[in-house]
>>> print(open('my_file.tsv').read())   # TSV, C-alpha atoms
chain	number	residue	atom	x	y	z
I	4	MET	CA	114.53	89.81	78.17
I	5	LYS	CA	112.46	91.93	80.51
I	6	ALA	CA	114.49	95.02	81.52
I	7	LEU	CA	112.60	98.10	82.66
I	8	PRO	CA	113.35	101.72	83.55
I	9	PHE	CA	113.23	102.46	87.27
I	10	PRO	CA	113.32	105.30	89.84
I	11	CYS	CA	116.85	105.49	91.21
I	12	ILE	CA	118.35	106.56	94.52
I	13	ARG	CA	121.68	108.16	93.70
I	14	PRO	CA	124.09	110.93	94.77
I	15	ALA	CA	123.17	114.54	94.03
I	16	GLN	CA	124.93	115.45	90.81
I	17	ASP	CA	126.94	118.26	92.37
I	18	ARG	CA	127.93	116.21	95.44
I	19	VAL	CA	128.90	112.88	93.92
I	20	LEU	CA	132.59	113.29	94.85
I	21	GLU	CA	131.52	113.86	98.44
I	22	ALA	CA	129.02	110.99	98.48
I	23	LEU	CA	130.95	108.09	96.94
I	24	PRO	CA	133.72	107.90	99.58
I	25	ALA	CA	131.04	108.03	102.29
I	26	MET	CA	128.86	105.20	100.93
I	27	GLY	CA	129.88	102.84	103.70
I	28	SER	CA	128.24	105.22	106.17
I	29	ILE	CA	125.35	106.33	103.92
I	30	LEU	CA	124.27	102.74	103.25
I	31	SER	CA	124.87	101.53	106.79
I	32	GLY	CA	121.18	101.70	107.67
I	33	ASN	CA	117.82	103.28	106.95
I	34	ASP	CA	118.36	106.23	109.29
I	35	ALA	CA	121.69	107.11	107.68
I	36	LEU	CA	120.20	106.87	104.18
I	37	ARG	CA	117.16	108.95	105.15
I	38	GLY	CA	119.49	111.54	106.63
I	39	SER	CA	121.58	111.75	103.47
I	40	ILE	CA	118.42	112.25	101.39
I	41	ALA	CA	117.14	114.93	103.76
I	42	ASP	CA	120.55	116.62	103.62
I	43	GLY	CA	120.54	116.60	99.81
I	44	LEU	CA	123.61	114.39	99.56
I	45	MET	CA	121.50	111.64	98.00
I	46	LEU	CA	118.29	112.00	96.01
I	47	LYS	CA	115.36	109.86	94.93
I	48	ASP	CA	114.49	110.32	91.28
I	49	PRO	CA	110.75	111.09	90.98
I	50	GLY	CA	110.28	109.10	87.77
I	51	ALA	CA	111.58	105.98	86.06
I	52	ALA	CA	114.53	106.10	83.68
I	53	TYR	CA	117.17	103.96	82.06
I	54	TYR	CA	120.80	104.85	82.70
I	55	VAL	CA	123.70	104.45	80.31
I	56	TYR	CA	126.86	103.50	82.19
I	57	GLU	CA	130.33	103.62	80.68
I	58	CYS	CA	133.64	102.84	82.30
I	59	SER	CA	136.95	103.49	80.64
I	60	GLY	CA	140.52	102.67	81.56
I	61	GLU	CA	142.57	99.51	81.30
I	62	PRO	CA	141.88	97.40	79.29
I	63	GLY	CA	139.43	99.61	77.39
I	64	ARG	CA	135.94	101.10	77.33
I	65	VAL	CA	132.71	99.24	78.10
I	66	THR	CA	129.18	100.64	77.83
I	67	GLY	CA	126.06	99.15	79.41
I	68	VAL	CA	122.43	99.89	80.18
I	69	VAL	CA	121.23	100.02	83.79
I	70	ALA	CA	117.69	98.66	84.24
I	71	ILE	CA	115.66	96.49	86.58
I	72	CYS	CA	115.16	92.84	85.65
I	73	PRO	CA	113.13	90.10	87.36
I	74	THR	CA	115.23	88.38	90.02
I	75	SER	CA	114.70	85.18	88.04
I	76	VAL	CA	117.66	86.29	85.86
I	77	LEU	CA	119.83	85.33	88.83
I	78	ALA	CA	118.10	82.01	89.49
I	79	GLY	CA	120.35	80.01	87.20
I	80	ASP	CA	123.29	80.66	89.49
I	81	LYS	CA	122.88	79.10	92.92
I	82	GLY	CA	125.80	81.11	94.22
I	83	ASP	CA	127.17	80.49	97.67
I	84	ALA	CA	125.14	79.29	100.64
I	85	SER	CA	127.75	80.45	103.15
I	86	ALA	CA	127.07	82.38	106.32
I	87	ASP	CA	128.64	85.46	104.72
I	88	VAL	CA	126.12	85.35	101.85
I	89	ALA	CA	123.23	84.90	104.29
I	90	ALA	CA	124.45	87.89	106.30
I	91	ALA	CA	124.76	90.00	103.14
I	92	ALA	CA	121.21	89.01	102.13
I	93	ARG	CA	119.87	90.06	105.54
I	94	ALA	CA	121.73	93.37	105.34
I	95	ILE	CA	120.23	94.18	101.92
I	96	ALA	CA	116.77	93.14	103.09
I	97	GLU	CA	117.06	95.35	106.19
I	98	LEU	CA	118.40	98.33	104.21
I	99	LYS	CA	115.69	97.76	101.58
I	100	VAL	CA	118.03	99.11	98.92
I	101	GLN	CA	120.20	97.21	96.46
I	102	PRO	CA	123.58	98.94	96.86
I	103	ARG	CA	124.85	98.52	93.30
I	104	PRO	CA	123.68	96.97	90.03
I	105	VAL	CA	124.61	93.35	89.41
I	106	SER	CA	126.68	92.96	86.23
I	107	LEU	CA	125.14	90.86	83.44
I	108	ALA	CA	126.09	90.22	79.80
I	109	TYR	CA	123.60	90.05	76.94
I	110	GLU	CA	123.61	89.74	73.16
I	111	ALA	CA	123.23	93.34	72.00
I	112	SER	CA	122.19	94.37	68.51
I	113	PRO	CA	124.04	96.98	66.41
I	114	VAL	CA	120.93	99.14	66.67
I	115	MET	CA	121.42	99.34	70.44
I	116	ASP	CA	124.91	100.74	69.89
I	117	ILE	CA	123.36	103.55	67.83
I	118	ILE	CA	120.69	104.26	70.47
I	119	LEU	CA	123.23	104.38	73.31
I	120	GLY	CA	125.58	106.48	71.22
I	121	ALA	CA	122.81	109.03	70.78
I	122	ALA	CA	122.13	109.03	74.52
I	123	LYS	CA	125.81	109.71	75.21
I	124	GLU	CA	125.74	112.85	73.07
I	125	GLY	CA	123.93	114.66	75.87
I	126	ALA	CA	125.43	115.95	79.09
I	127	SER	CA	126.34	113.21	81.54
I	128	LEU	CA	125.02	112.99	85.08
I	129	TYR	CA	128.38	111.85	86.41
I	130	ALA	CA	131.98	111.66	85.27
I	131	VAL	CA	134.16	110.43	88.13
I	132	THR	CA	137.54	108.73	88.22
I	133	ASP	CA	138.21	106.22	90.98
I	134	PRO	CA	141.55	105.63	92.75
I	135	ALA	CA	142.35	102.81	90.30
I	136	GLY	CA	142.20	105.26	87.41
I	137	ILE	CA	138.89	103.97	86.01
I	138	THR	CA	136.54	106.71	84.81
I	139	HIS	CA	132.81	106.15	85.30
I	140	HIS	CA	130.28	108.07	83.18
I	141	VAL	CA	126.50	107.94	83.62
I	142	TRP	CA	123.79	109.38	81.38
I	143	GLU	CA	120.08	109.43	82.31
I	144	VAL	CA	117.58	108.38	79.62
I	145	LYS	CA	114.01	109.40	80.39
I	146	ARG	CA	112.72	110.92	77.13
I	147	GLU	CA	109.77	108.81	76.06
I	148	ASP	CA	111.01	107.95	72.57
I	149	ALA	CA	114.49	107.01	73.79
I	150	VAL	CA	113.07	104.89	76.63
I	151	GLY	CA	110.79	103.13	74.15
I	152	ALA	CA	113.67	102.42	71.76
I	153	ILE	CA	115.87	100.92	74.48
I	154	ARG	CA	113.02	98.83	75.86
I	155	ALA	CA	112.18	97.49	72.39
I	156	MET	CA	115.78	96.37	71.86
I	157	LEU	CA	116.00	94.73	75.29
I	158	ASP	CA	112.66	92.98	74.77
I	159	GLN	CA	114.17	91.25	71.73
I	160	ALA	CA	117.34	90.15	73.51
I	161	PRO	CA	117.73	86.67	75.03
I	162	GLU	CA	118.13	86.23	78.76
I	163	PRO	CA	121.44	87.63	80.07
I	164	ALA	CA	124.27	85.75	81.78
I	165	LEU	CA	125.80	86.57	85.15
I	166	THR	CA	129.25	88.16	84.93
I	167	ASP	CA	129.41	89.34	88.55
I	168	ASP	CA	130.49	87.71	91.80
I	169	PRO	CA	128.16	84.69	92.30
I	170	ALA	CA	128.10	85.43	96.03
I	171	TYR	CA	126.65	88.90	95.37
I	172	ALA	CA	124.00	87.42	93.06
I	173	ALA	CA	123.14	84.86	95.75
I	174	ALA	CA	122.82	87.62	98.36
I	175	LEU	CA	120.43	89.55	96.09
I	176	THR	CA	118.32	86.45	95.54
I	177	GLY	CA	118.32	85.78	99.28
I	178	ALA	CA	117.26	89.33	100.12
I	179	SER	CA	114.39	89.11	97.63
I	180	GLN	CA	113.24	85.86	99.21
I	181	LEU	CA	113.41	87.28	102.74
I	182	LEU	CA	111.29	90.28	101.77
I	183	ALA	CA	108.83	88.07	99.89
I	184	ASP	CA	108.50	85.81	102.94
I	185	GLU	CA	107.78	88.86	105.11
I	186	ALA	CA	105.10	90.09	102.70
I	187	ARG	CA	103.49	86.65	102.50
I	188	ALA	CA	103.45	86.39	106.29
I	189	ALA	CA	101.73	89.79	106.43
I	190	GLY	CA	99.24	88.74	103.76
I	191	THR	CA	100.27	91.60	101.45
I	192	TYR	CA	102.28	89.78	98.78
I	193	THR	CA	101.21	90.51	95.18
I	194	GLY	CA	104.22	89.46	93.10
I	195	LYS	CA	104.61	92.99	91.75
I	196	GLU	CA	106.76	94.34	94.56
I	197	PRO	CA	110.10	96.05	93.73
I	198	PHE	CA	111.99	93.34	95.60
I	199	ASN	CA	110.98	90.95	92.83
I	200	PHE	CA	113.32	92.93	90.57
I	201	THR	CA	117.07	93.41	90.66
I	202	VAL	CA	118.86	96.42	89.26
I	203	ALA	CA	121.42	95.28	86.71
I	204	VAL	CA	123.98	96.80	84.40
I	205	LEU	CA	123.63	95.00	81.07
I	206	PHE	CA	126.86	94.88	79.09
I	207	PRO	CA	127.11	93.61	75.50
I	208	ALA	CA	128.65	90.13	75.67
I	209	ALA	CA	131.07	91.11	72.90
I	210	GLN	CA	132.58	93.80	75.15
I	211	VAL	CA	133.25	91.65	78.20
I	212	SER	CA	135.09	88.41	78.83
I	213	GLY	CA	134.96	86.77	82.21
I	214	ALA	CA	134.12	89.19	85.00
I	215	ALA	CA	132.51	92.43	83.81
I	216	PRO	CA	133.13	95.86	85.34
I	217	GLN	CA	131.12	96.86	88.40
I	218	VAL	CA	129.26	100.12	88.92
I	219	PRO	CA	130.61	101.82	92.08
I	220	THR	CA	128.55	101.09	95.18
I	221	GLY	CA	125.91	103.75	95.79
I	222	LEU	CA	126.16	105.42	92.38
I	223	LEU	CA	122.93	103.85	91.06
I	224	THR	CA	120.81	102.05	93.65
I	225	HIS	CA	117.37	100.47	93.66
I	226	GLN	CA	114.88	100.75	96.52
I	227	VAL	CA	113.28	97.32	96.91
I	228	ALA	CA	110.85	98.08	99.76
I	229	ARG	CA	109.64	100.99	101.87
I	230	PHE	CA	111.91	102.27	104.61
>>> encode(input="my_file.tsv", output="structure tokens")
Amino acid sequence: MKALPFPCIRPAQDRVLEALPAMGSILSGNDALRGSIADGLMLKDPGAAYYVYECSGEPGRVTGVVAICPTSVLAGDKGDASADVAAAARAIAELKVQPRPVSLAYEASPVMDIILGAAKEGASLYAVTDPAGITHHVWEVKREDAVGAIRAMLDQAPEPALTDDPAYAAALTGASQLLADEARAAGTYTGKEPFNFTVAVLFPAAQVSGAAPQVPTGLLTHQVARF
């Protein structure tokens, strides 16, 4: 499985409780997002990193890795061709930011548990509890040896399975296609553009059954084109 570290757009660490309830406004358009970055409410990480995401509450605790994967990981699920999905795809393409990671399940090795456990020994970026009583923790992993260890484990894993809303996956695929069509029409398409990747939270299949948890909207986002 190809799953890479990435530069994230996310809330400022000391303003996350202010930012999360306002995500509907922050992610309403490019001007609003630019304004929140200029104001310091949101920030763009200067370098690429993996993120360890953990949510705890009922029925238990689940830990995943947030990374960018080729959009082909979503191709197996055709999703929904409804007007709502098409509108969601256009909105993502216009915003040029994926608002939250798509949830996927993969076959994790015991070694990965050790690596992620070590990452969680450091201070977390975020520890927030939502109105449903679910606590969300995030740790940033950017040290070269830790990044290399996570990437090596993910390289050995088979392709993941979708555990998110198929309509959301279809909207992400649609947004990628819209942006690719625009680049091809402009004669600038290379195949290496960020919109050819989707940010995903990869949960061990053994920890999830059916629908996996979702990272809160706006907590860890992926810029897929310039805005």
>>> closest_residue(input="my_file.tsv", among="I:Ile95, I:Val76, I:Val100, I:Met115", to="I:Pro207", atoms="all atoms listed in the file")
I:Met115
>>> residues_around(input="my_file.tsv", residues="stretch 117-128 of chain I", least_positions_apart="4", cutoff="8 Å", atoms="all atoms listed in the file", output="VMD selection string")
chain I and resid 16 55 113 140 to 144 149 152 to 153
>>> residues_around(input="my_file.tsv", residues="I:Asp158", least_positions_apart="4", cutoff="10 Å", atoms="all atoms listed in the file", output="JSON, numbers by chain")
{"I": [4, 5, 6, 7, 152, 153, 154, 162]}
>>> closest_residue(input="my_file.tsv", among="I:Tyr129, I:Arg187, I:Val150, I:Phe206", to="I:Leu23", atoms="all atoms listed in the file")
I:Tyr129
>>> closest_residue(input="my_file.tsv", among="I:Tyr53, I:Ala15, I:Ala25, I:Ala189", to="I:Ala41", atoms="all atoms listed in the file")
I:Ala15
>>> atom_distance(input="my_file.tsv", atom1="atom CA of I:Pro197", atom2="atom CA of I:Ala228")
6.4 Å
>>> closest_residue(input="my_file.tsv", among="I:Gln101, I:Thr191, I:Gln210, I:Ser28", to="I:Leu222", atoms="only C-alpha atoms")
I:Gln101
>>> residues_around(input="my_file.tsv", residues="stretch 35-40 of chain I", least_positions_apart="3", cutoff="10 Å", atoms="all atoms listed in the file", output="list in words")
Ile12, Arg13, Pro14, Ala15, Ala22, Met26, Ser28, Ile29, Leu30, Ser31, Gly32, Gly43, Leu44, Met45, Leu46, Lys47, Leu98, Val100 and Phe230 of chain I
>>> closest_residue(input="my_file.tsv", among="I:Ser112, I:Thr66, I:Gln226, I:Thr220", to="I:Ala155", atoms="all atoms listed in the file")
I:Ser112
>>> closest_residue(input="my_file.tsv", among="I:Glu57, I:Leu175, I:Val131, I:Arg146", to="I:Arg18", atoms="only C-alpha atoms")
I:Val131
>>> atom_distance(input="my_file.tsv", atom1="atom CA of I:Cys11", atom2="atom CA of I:Phe200")
13.1 Å
>>> residues_around(input="my_file.tsv", residues="stretch 134-137 of chain I", least_positions_apart="5", cutoff="12 Å", atoms="all atoms listed in the file", output="MDAnalysis selection string")
chainID I and resid 20 23:24 57:65 216:219
>>> write_last_selection(input="my_file.tsv", atoms="C-alpha atoms", output="compact mmCIF listing (two decimals), in the frame of the given file")
# COMPACT_ATOMS: atom_id res chain seq x y z
CA LEU I 20 132.59 113.29 94.85
CA LEU I 23 130.95 108.09 96.94
CA PRO I 24 133.72 107.90 99.58
CA GLU I 57 130.33 103.62 80.68
CA CYS I 58 133.64 102.84 82.30
CA SER I 59 136.95 103.49 80.64
CA GLY I 60 140.52 102.67 81.56
CA GLU I 61 142.57 99.51 81.30
CA PRO I 62 141.88 97.40 79.29
CA GLY I 63 139.43 99.61 77.39
CA ARG I 64 135.94 101.10 77.33
CA VAL I 65 132.71 99.24 78.10
CA PRO I 216 133.13 95.86 85.34
CA GLN I 217 131.12 96.86 88.40
CA VAL I 218 129.26 100.12 88.92
CA PRO I 219 130.61 101.82 92.08
>>> residues_around(input="my_file.tsv", residues="I:Gly50", least_positions_apart="6", cutoff="10 Å", atoms="all atoms listed in the file", output="mmCIF file with C-alpha atoms, keeping the file's coordinate frame")
data_model
loop_
_atom_site.group_PDB
_atom_site.id
_atom_site.type_symbol
_atom_site.label_atom_id
_atom_site.label_comp_id
_atom_site.auth_asym_id
_atom_site.auth_seq_id
_atom_site.Cartn_x
_atom_site.Cartn_y
_atom_site.Cartn_z
ATOM 1 C CA PRO I 8 113.350 101.720 83.550
ATOM 2 C CA PHE I 9 113.230 102.460 87.270
ATOM 3 C CA PRO I 10 113.320 105.300 89.840
ATOM 4 C CA CYS I 11 116.850 105.490 91.210
ATOM 5 C CA LYS I 145 114.010 109.400 80.390
#
>>> residues_near_point(input="my_file.tsv", point="(125.7, 91.1, 102.9)", cutoff="12 Å", atoms="only C-alpha atoms", output="MDAnalysis selection string")
chainID I and resid 30:31 83 85:98 100:102 170:178
>>> atom_distance(input="my_file.tsv", atom1="atom CA of I:Asp167", atom2="atom CA of I:Thr74")
14.3 Å
>>> residues_near_point(input="my_file.tsv", point="(130.2, 90.5, 75.5)", cutoff="10 Å", atoms="all atoms listed in the file", output="ChimeraX atom specification")
/I:65,107-111,164,166,205-213,215
